[in-house]
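Engineer: Sending over work28.tsv (TSV, C-alpha atoms and all ligand atoms).
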chain	number	residue	atom	x	y	z
X	13	MET	CA	-47.96	-32.47	-9.12
X	14	PRO	CA	-44.79	-33.76	-7.36
X	15	PHE	CA	-43.01	-33.37	-10.69
X	16	LYS	CA	-43.91	-29.66	-10.78
X	17	ARG	CA	-42.58	-29.15	-7.23
X	18	VAL	CA	-39.27	-30.73	-8.16
X	19	GLY	CA	-39.14	-28.44	-11.19
X	20	LEU	CA	-39.57	-25.31	-9.08
X	21	PHE	CA	-36.96	-26.48	-6.59
X	22	THR	CA	-34.53	-27.13	-9.44
X	23	VAL	CA	-35.06	-23.63	-10.84
X	24	LEU	CA	-34.46	-22.06	-7.41
X	25	ALA	CA	-31.37	-24.20	-6.78
X	26	VAL	CA	-29.89	-23.39	-10.18
X	27	SER	CA	-30.44	-19.64	-9.79
X	28	ALA	CA	-28.97	-19.68	-6.27
X	29	ALA	CA	-25.90	-21.48	-7.61
X	30	ALA	CA	-25.61	-18.99	-10.46
X	31	MET	CA	-25.76	-16.05	-8.02
X	32	THR	CA	-23.03	-17.59	-5.85
X	33	ALA	CA	-20.85	-18.19	-8.91
X	34	CYS	CA	-21.38	-14.59	-10.07
X	35	SER	CA	-20.48	-13.02	-6.73
X	36	SER	CA	-17.38	-15.21	-6.32
X	37	LEU	CA	-16.25	-14.04	-9.76
X	38	GLY	CA	-16.86	-10.44	-8.79
X	39	PHE	CA	-19.79	-9.90	-11.17
X	40	GLY	CA	-22.38	-7.65	-9.67
X	41	SER	CA	-20.17	-6.98	-6.62
X	42	LYS	CA	-19.74	-3.38	-5.67
X	43	THR	CA	-16.27	-1.86	-5.84
X	44	THR	CA	-15.04	-0.13	-2.70
X	45	THR	CA	-12.28	2.40	-3.34
X	46	TYR	CA	-9.69	3.72	-0.90
X	47	GLU	CA	-7.73	6.67	-2.26
X	48	ALA	CA	-4.68	8.59	-1.07
X	49	GLN	CA	-3.15	11.82	-2.37
X	50	LEU	CA	0.59	11.74	-1.76
X	51	TYR	CA	2.53	14.80	-0.63
X	52	PRO	CA	6.30	15.28	-0.59
X	53	LEU	CA	8.60	14.67	2.37
X	54	ASN	CA	12.31	15.49	2.63
X	55	MET	CA	12.24	17.86	-0.35
X	56	ASP	CA	15.61	19.30	0.75
X	57	VAL	CA	17.11	15.89	-0.04
X	58	THR	CA	15.18	15.04	-3.21
X	59	GLY	CA	15.27	18.57	-4.64
X	60	ALA	CA	11.83	17.92	-6.14
X	61	GLU	CA	8.18	17.65	-5.15
X	62	ALA	CA	7.13	14.02	-5.17
X	63	THR	CA	3.36	13.87	-5.55
X	64	GLY	CA	0.85	11.33	-6.75
X	65	THR	CA	-2.24	9.22	-6.21
X	66	ALA	CA	-2.66	5.73	-4.80
X	67	LYS	CA	-5.79	3.62	-4.97
X	68	MET	CA	-6.88	0.33	-3.46
X	69	GLU	CA	-10.00	-0.97	-5.18
X	70	VAL	CA	-11.80	-3.95	-3.68
X	71	THR	CA	-14.23	-5.93	-5.86
X	72	GLY	CA	-15.24	-9.29	-4.45
X	73	ASP	CA	-12.00	-11.07	-3.61
X	74	THR	CA	-9.86	-8.86	-5.86
X	75	LEU	CA	-7.82	-5.97	-4.53
X	76	VAL	CA	-6.32	-3.78	-7.26
X	77	ILE	CA	-3.55	-1.49	-6.06
X	78	THR	CA	-2.46	1.38	-8.31
X	79	VAL	CA	0.13	4.08	-7.61
X	80	ASP	CA	0.96	6.94	-9.98
X	81	MET	CA	3.83	9.19	-8.99
X	82	ALA	CA	5.60	12.23	-10.47
X	83	GLY	CA	8.51	14.33	-9.24
X	84	VAL	CA	10.36	11.35	-7.76
X	85	PRO	CA	14.12	10.80	-8.20
X	86	PRO	CA	14.49	9.41	-11.76
X	87	ASN	CA	16.01	6.02	-12.66
X	88	THR	CA	15.72	4.99	-9.03
X	89	VAL	CA	13.94	2.03	-7.41
X	90	HIS	CA	11.17	3.23	-5.13
X	91	TRP	CA	10.11	1.04	-2.26
X	92	GLN	CA	6.46	1.69	-1.44
X	93	HIS	CA	4.32	0.25	1.31
X	94	LEU	CA	1.16	0.39	3.30
X	95	HIS	CA	2.16	1.61	6.76
X	96	GLY	CA	-0.02	1.57	9.86
X	97	LEU	CA	-0.36	1.27	13.61
X	98	LYS	CA	-0.14	-2.23	15.10
X	99	THR	CA	-3.16	-1.33	17.25
X	100	GLY	CA	-5.29	-0.90	14.11
X	101	GLY	CA	-5.75	2.76	15.09
X	102	ASP	CA	-5.86	5.69	12.69
X	103	ALA	CA	-2.42	6.35	11.16
X	104	SER	CA	-1.44	9.72	9.72
X	105	CYS	CA	1.48	10.94	7.62
X	106	ALA	CA	4.64	12.14	9.34
X	107	ARG	CA	5.51	15.80	8.95
X	108	GLN	CA	8.80	17.63	8.80
X	109	SER	CA	8.26	18.38	12.53
X	110	ASP	CA	8.66	14.64	13.23
X	111	ASP	CA	12.40	15.11	12.70
X	112	ALA	CA	13.22	14.15	16.30
X	113	ASN	CA	17.04	14.33	16.07
X	114	GLY	CA	17.15	17.71	14.30
X	115	ASP	CA	19.13	16.59	11.22
X	116	ASN	CA	16.49	18.21	8.97
X	117	ILE	CA	15.53	14.79	7.60
X	118	VAL	CA	12.51	12.69	8.57
X	119	ASP	CA	13.86	9.15	8.38
X	120	LEU	CA	11.87	5.90	8.41
X	121	MET	CA	12.13	5.47	12.19
X	122	GLU	CA	10.91	9.03	12.77
X	123	THR	CA	7.71	8.30	10.81
X	124	GLU	CA	6.67	5.59	13.30
X	125	ARG	CA	5.10	7.93	15.86
X	126	ALA	CA	2.46	9.14	13.38
X	127	SER	CA	2.35	6.28	10.91
X	128	GLY	CA	3.27	3.06	12.70
X	129	THR	CA	5.31	0.47	10.85
X	130	THR	CA	5.68	-1.08	7.41
X	131	LEU	CA	2.83	-3.54	6.84
X	132	VAL	CA	2.31	-4.47	3.17
X	133	PRO	CA	4.83	-4.06	0.34
X	134	PHE	CA	3.46	-2.65	-2.88
X	135	ASN	CA	5.84	-4.75	-4.98
X	136	ASP	CA	5.19	-7.62	-7.41
X	137	ALA	CA	3.85	-9.95	-4.65
X	138	PRO	CA	2.16	-7.93	-1.86
X	139	ALA	CA	0.56	-10.96	-0.14
X	140	LYS	CA	3.99	-12.47	0.54
X	141	LEU	CA	4.60	-9.57	2.97
X	142	ASP	CA	8.30	-9.86	2.14
X	143	ILE	CA	9.29	-6.21	2.67
X	144	PRO	CA	13.00	-6.26	1.67
X	145	HIS	CA	12.53	-8.44	-1.44
X	146	GLY	CA	10.42	-8.57	-4.55
X	147	THR	CA	10.35	-6.06	-7.39
X	148	TYR	CA	9.46	-2.47	-6.61
X	149	PRO	CA	8.87	0.15	-9.32
X	150	THR	CA	11.74	2.05	-10.93
X	151	ALA	CA	11.12	5.67	-11.94
X	152	THR	CA	11.46	6.77	-15.55
X	153	PRO	CA	14.14	9.32	-16.57
X	154	ALA	CA	11.32	11.90	-16.23
X	155	GLY	CA	10.80	10.98	-12.54
X	156	THR	CA	7.45	9.27	-12.92
X	157	TYR	CA	6.16	5.75	-12.46
X	158	HIS	CA	2.96	3.74	-12.72
X	159	TYR	CA	2.35	0.67	-10.57
X	160	ARG	CA	-0.56	-1.75	-10.75
X	161	GLN	CA	-0.95	-5.05	-8.94
X	162	GLU	CA	-3.87	-7.41	-8.39
X	163	VAL	CA	-4.04	-9.33	-5.14
X	164	SER	CA	-6.45	-11.88	-3.70
X	165	LEU	CA	-7.96	-10.09	-0.71
X	166	LYS	CA	-8.49	-13.39	1.13
X	167	GLU	CA	-4.86	-14.36	0.61
X	168	LEU	CA	-3.63	-10.96	1.78
X	169	GLU	CA	-5.94	-10.91	4.83
X	170	LYS	CA	-4.80	-14.40	5.83
X	171	ALA	CA	-1.08	-13.54	5.55
X	172	PHE	CA	-1.66	-10.20	7.29
X	173	GLY	CA	-3.44	-11.74	10.29
X	174	LYS	CA	-0.75	-14.40	10.59
X	175	ALA	CA	2.13	-11.90	10.43
X	176	TYR	CA	0.59	-9.20	12.63
X	177	ASP	CA	-1.05	-10.95	15.61
X	178	GLY	CA	-4.48	-11.44	14.07
X	179	GLN	CA	-4.85	-7.82	13.02
X	180	LYS	CA	-7.30	-6.82	10.29
X	181	LEU	CA	-6.34	-4.82	7.19
X	182	VAL	CA	-8.64	-1.83	8.03
X	183	LEU	CA	-7.58	-0.12	4.79
X	184	ASP	CA	-9.05	3.28	5.71
X	185	LYS	CA	-6.80	3.54	8.80
X	186	ARG	CA	-3.57	3.22	6.80
X	187	VAL	CA	-1.14	5.43	4.91
X	188	ILE	CA	1.18	4.85	1.95
X	189	TYR	CA	4.85	5.80	1.90
X	190	VAL	CA	7.07	6.07	-1.16
X	191	HIS	CA	10.80	5.80	-0.42
X	192	GLY	CA	14.11	6.07	-2.17
X	193	VAL	CA	16.78	8.48	-3.33
X	194	PRO	CA	19.77	7.66	-5.54
X	195	ALA	CA	22.59	5.62	-3.96
X	196	ASN	CA	25.06	8.51	-4.35
X	197	THR	CA	22.91	10.87	-2.22
X	198	ASN	CA	24.95	12.33	0.61
X	199	LEU	CA	22.94	11.45	3.74
X	200	PRO	CA	24.22	12.18	7.24
X	201	GLY	CA	24.97	9.17	9.48
X	202	SER	CA	22.08	10.21	11.74
X	203	VAL	CA	19.57	9.00	9.13
X	204	ALA	CA	18.25	5.69	10.47
X	205	SER	CA	17.05	2.83	8.29
X	206	LEU	CA	15.61	-0.68	8.48
X	207	GLY	CA	18.29	-3.07	9.77
X	208	PRO	CA	20.98	-3.59	7.12
X	209	VAL	CA	19.03	-1.79	4.37
X	210	PRO	CA	20.92	1.36	3.26
X	211	ALA	CA	19.28	4.65	4.30
X	212	HIS	CA	18.93	5.91	0.71
X	213	VAL	CA	16.57	2.97	-0.02
X	214	THR	CA	14.16	3.65	2.86
X	215	LEU	CA	14.28	7.45	2.98
X	216	PRO	CA	10.62	8.58	2.86
X	217	ILE	CA	9.95	10.94	-0.06
X	218	ALA	CA	6.14	11.02	-0.14
X	219	CYS	CA	3.17	10.00	2.01
X	220	GLY	CA	-0.61	9.90	1.67
X	221	LYS	CA	-3.50	8.92	3.93
X	222	PHE	CA	-6.06	6.47	2.53
X	223	THR	CA	-9.69	7.43	2.82
X	224	LYS	CA	-12.72	5.44	1.74
X	225	ARG	CA	-14.48	7.14	-1.13
B	301	CU	CU	7.40	2.02	3.52
Once you've parsed the file, please lay out its structure as structure tokens.
Structural biologist:
Amino acid sequence: MPFKRVGLFTVLAVSAAAMTACSSLGFGSKTTTYEAQLYPLNMDVTGAEATGTAKMEVTGDTLVITVDMAGVPPNTVHWQHLHGLKTGGDASCARQSDDANGDNIVDLMETERASGTTLVPFNDAPAKLDIPHGTYPTATPAGTYHYRQEVSLKELEKAFGKAYDGQKLVLDKRVIYVHGVPANTNLPGSVASLGPVPAHVTLPIACGKFTKR
């Protein structure tokens, strides 16, 4: 009889271990999707309507970020980031009416009232949180691009909390901005940017609010 008890225990232990292994690999885990529709900003500067879709899909520890854009300045590098409020509150996209200095352009600093600050770069290494570096997508001659990046959610959450005073990601409170116009774009001196980064790099050209599907 003791032998039988050991056998049952072994079966239970093995199946518990198998379940743990499966969930850590993402098998059988549900996918939670956050989606944003992007709308154009500063169309007078870009001369086109930048639109697109961004998704953040969480399955187990894997976060898959995808961004598909059209109508963006062609052959141009486009910085793109998750922006949000440092309080963790609900961010929204800036509007043309957020042009505080009346130069008819909503620059990066003028988006902060509605959208907070730059939090996570959607480049080739999002969890490094290294905003001015890394590889960002370059648009095709047709003014489109596709971006896809897989990130460890645990790694990103850890870096995020460390960089932003223990804040959580709260993905459904955030927005995405796409930036960038060609270097030869004639921008007035009133257009503010991020430190030494030229204004044409950070000029917001599209924004979308993430919602949980
Ligand atoms: Cu940004």
Engineer: Hey, which of X:Gly64, X:Gly101, X:Pro52, X:Pro153 ends up closest to Thr78 in chain X? Count all atoms listed in the file.
Structural biologist: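 Among the listed residues, X:Gly64 lies closest to Thr78 in chain X.
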Engineer: Have a look at CA of Thr130 in chain X and CA of Leu97 in chain X and let me know their distance in Å, one decimal.
Structural biologist: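 Value for the CA of Thr130 in chain X-CA of Leu97 in chain X distance: 9.0 Å.
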Engineer: Please identify the residues whose atoms come within 10 Å of ligand CU 301 (chain B), using all atoms listed in the file, and report them as a PDB file with C-alpha atoms, in the frame of the given file.
Structural biologist:
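Generated output (pocket03.pdb):
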ATOM      1  CA  HIS X  90      11.170   3.230  -5.130  1.00  0.00           C
ATOM      2  CA  TRP X  91      10.110   1.040  -2.260  1.00  0.00           C
ATOM      3  CA  GLN X  92       6.460   1.690  -1.440  1.00  0.00           C
ATOM      4  CA  HIS X  93       4.320   0.250   1.310  1.00  0.00           C
ATOM      5  CA  LEU X  94       1.160   0.390   3.300  1.00  0.00           C
ATOM      6  CA  HIS X  95       2.160   1.610   6.760  1.00  0.00           C
ATOM      7  CA  GLY X  96      -0.020   1.570   9.860  1.00  0.00           C
ATOM      8  CA  LEU X 120      11.870   5.900   8.410  1.00  0.00           C
ATOM      9  CA  THR X 123       7.710   8.300  10.810  1.00  0.00           C
ATOM     10  CA  SER X 127       2.350   6.280  10.910  1.00  0.00           C
ATOM     11  CA  THR X 129       5.310   0.470  10.850  1.00  0.00           C
ATOM     12  CA  THR X 130       5.680  -1.080   7.410  1.00  0.00           C
ATOM     13  CA  LEU X 131       2.830  -3.540   6.840  1.00  0.00           C
ATOM     14  CA  VAL X 132       2.310  -4.470   3.170  1.00  0.00           C
ATOM     15  CA  PRO X 133       4.830  -4.060   0.340  1.00  0.00           C
ATOM     16  CA  PHE X 134       3.460  -2.650  -2.880  1.00  0.00           C
ATOM     17  CA  ILE X 143       9.290  -6.210   2.670  1.00  0.00           C
ATOM     18  CA  VAL X 187      -1.140   5.430   4.910  1.00  0.00           C
ATOM     19  CA  ILE X 188       1.180   4.850   1.950  1.00  0.00           C
ATOM     20  CA  TYR X 189       4.850   5.800   1.900  1.00  0.00           C
ATOM     21  CA  VAL X 190       7.070   6.070  -1.160  1.00  0.00           C
ATOM     22  CA  HIS X 191      10.800   5.800  -0.420  1.00  0.00           C
ATOM     23  CA  GLY X 192      14.110   6.070  -2.170  1.00  0.00           C
ATOM     24  CA  LEU X 206      15.610  -0.680   8.480  1.00  0.00           C
ATOM     25  CA  VAL X 213      16.570   2.970  -0.020  1.00  0.00           C
ATOM     26  CA  THR X 214      14.160   3.650   2.860  1.00  0.00           C
ATOM     27  CA  LEU X 215      14.280   7.450   2.980  1.00  0.00           C
ATOM     28  CA  PRO X 216      10.620   8.580   2.860  1.00  0.00           C
ATOM     29  CA  ILE X 217       9.950  10.940  -0.060  1.00  0.00           C
ATOM     30  CA  ALA X 218       6.140  11.020  -0.140  1.00  0.00           C
ATOM     31  CA  CYS X 219       3.170  10.000   2.010  1.00  0.00           C
TER      32      CYS X 219
END
Engineer: Using Å and a single decimal, report how far CA of Asp80 in chain X sits from CA of Thr152 in chain X.
Structural biologist: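 CA of Asp80 in chain X lies at a distance of 11.9 Å from CA of Thr152 in chain X.
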Engineer: Please list as a list of chain:residue names every residue within 12 Å of Ser109 in chain X, counting only C-alpha atoms and excluding residues in the same chain fewer than 5 positions away.
Structural biologist: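 Using only C-alpha atoms, the neighbours found are X:Leu53, X:Asn54, X:Gly114, X:Asp115, X:Asn116, X:Ile117, X:Val118, X:Asp119, X:Glu122, X:Thr123, X:Arg125, X:Ala126.
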Engineer: What separation in Å, quoted to one decimal, exists between CA of Arg186 in chain X and CA of Gln108 in chain X?
Structural biologist: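 Going from CA of Arg186 in chain X over to CA of Gln108 in chain X, I get 19.1 Å.
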Engineer: Which residue is closest to Lys180 in chain X? Choose from X:Arg107, X:Arg160, X:Lys98, X:Lys224 and count only C-alpha atoms.
Structural biologist: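 Closest residue, counting only C-alpha atoms: X:Lys98.
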Engineer: Please determine, counting only C-alpha atoms, which residue among X:Ala112, X:Val89, X:Leu181, X:Met68 has the shortest atom-to-atom distance to Ser202 in chain X.
Structural biologist: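 Looking at the shortest contact to Ser202 in chain X, the residue is X:Ala112.
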Engineer: Env of range 161-164 of chain X: 12 Å cut, atoms = all atoms listed in the file, seq-sep filter 5 positions within chain, self excluded. Answer as a short mmCIF file (atom, residue, chain, number, x, y, z; two decimals) with C-alpha atoms, keeping the file's coordinate frame.
Structural biologist:
data_model
loop_
_atom_site.label_atom_id
_atom_site.label_comp_id
_atom_site.auth_asym_id
_atom_site.auth_seq_id
_atom_site.Cartn_x
_atom_site.Cartn_y
_atom_site.Cartn_z
CA SER X 36 -17.38 -15.21 -6.32
CA LEU X 37 -16.25 -14.04 -9.76
CA GLY X 38 -16.86 -10.44 -8.79
CA ALA X 66 -2.66 5.73 -4.80
CA LYS X 67 -5.79 3.62 -4.97
CA MET X 68 -6.88 0.33 -3.46
CA GLU X 69 -10.00 -0.97 -5.18
CA VAL X 70 -11.80 -3.95 -3.68
CA THR X 71 -14.23 -5.93 -5.86
CA GLY X 72 -15.24 -9.29 -4.45
CA ASP X 73 -12.00 -11.07 -3.61
CA THR X 74 -9.86 -8.86 -5.86
CA LEU X 75 -7.82 -5.97 -4.53
CA VAL X 76 -6.32 -3.78 -7.26
CA ILE X 77 -3.55 -1.49 -6.06
CA THR X 78 -2.46 1.38 -8.31
CA VAL X 79 0.13 4.08 -7.61
CA VAL X 132 2.31 -4.47 3.17
CA PRO X 133 4.83 -4.06 0.34
CA PHE X 134 3.46 -2.65 -2.88
CA ASN X 135 5.84 -4.75 -4.98
CA ASP X 136 5.19 -7.62 -7.41
CA ALA X 137 3.85 -9.95 -4.65
CA PRO X 138 2.16 -7.93 -1.86
CA ALA X 139 0.56 -10.96 -0.14
CA LYS X 140 3.99 -12.47 0.54
CA LEU X 141 4.60 -9.57 2.97
CA THR X 147 10.35 -6.06 -7.39
CA TYR X 148 9.46 -2.47 -6.61
CA PRO X 149 8.87 0.15 -9.32
CA GLU X 169 -5.94 -10.91 4.83
CA LYS X 170 -4.80 -14.40 5.83
CA ALA X 171 -1.08 -13.54 5.55
#
Engineer: Around the point (-1.6, 10.6, -1.3) in the file's coordinates, collect all residues with an atom within 7 Å, using only C-alpha atoms, and return them as a list of chain:residue names.
Structural biologist: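 Using only C-alpha atoms, the matching residues come out as X:Ala48, X:Gln49, X:Leu50, X:Tyr51, X:Gly64, X:Thr65, X:Ala66, X:Cys219, X:Gly220, X:Lys221.
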Engineer: Let's have the selection written as an mmCIF file, in the coordinates of the input, with C-alpha atoms.
Structural biologist:
data_model
loop_
_atom_site.group_PDB
_atom_site.id
_atom_site.type_symbol
_atom_site.label_atom_id
_atom_site.label_comp_id
_atom_site.auth_asym_id
_atom_site.auth_seq_id
_atom_site.Cartn_x
_atom_site.Cartn_y
_atom_site.Cartn_z
ATOM 1 C CA ALA X 48 -4.680 8.590 -1.070
ATOM 2 C CA GLN X 49 -3.150 11.820 -2.370
ATOM 3 C CA LEU X 50 0.590 11.740 -1.760
ATOM 4 C CA TYR X 51 2.530 14.800 -0.630
ATOM 5 C CA GLY X 64 0.850 11.330 -6.750
ATOM 6 C CA THR X 65 -2.240 9.220 -6.210
ATOM 7 C CA ALA X 66 -2.660 5.730 -4.800
ATOM 8 C CA CYS X 219 3.170 10.000 2.010
ATOM 9 C CA GLY X 220 -0.610 9.900 1.670
ATOM 10 C CA LYS X 221 -3.500 8.920 3.930
#
Engineer: Would you please work out which residue, of X:Ala204, X:Val182, X:Ala211, X:Ala195, is nearest to Gly100 in chain X when using all atoms listed in the file?
Structural biologist: X:Val182
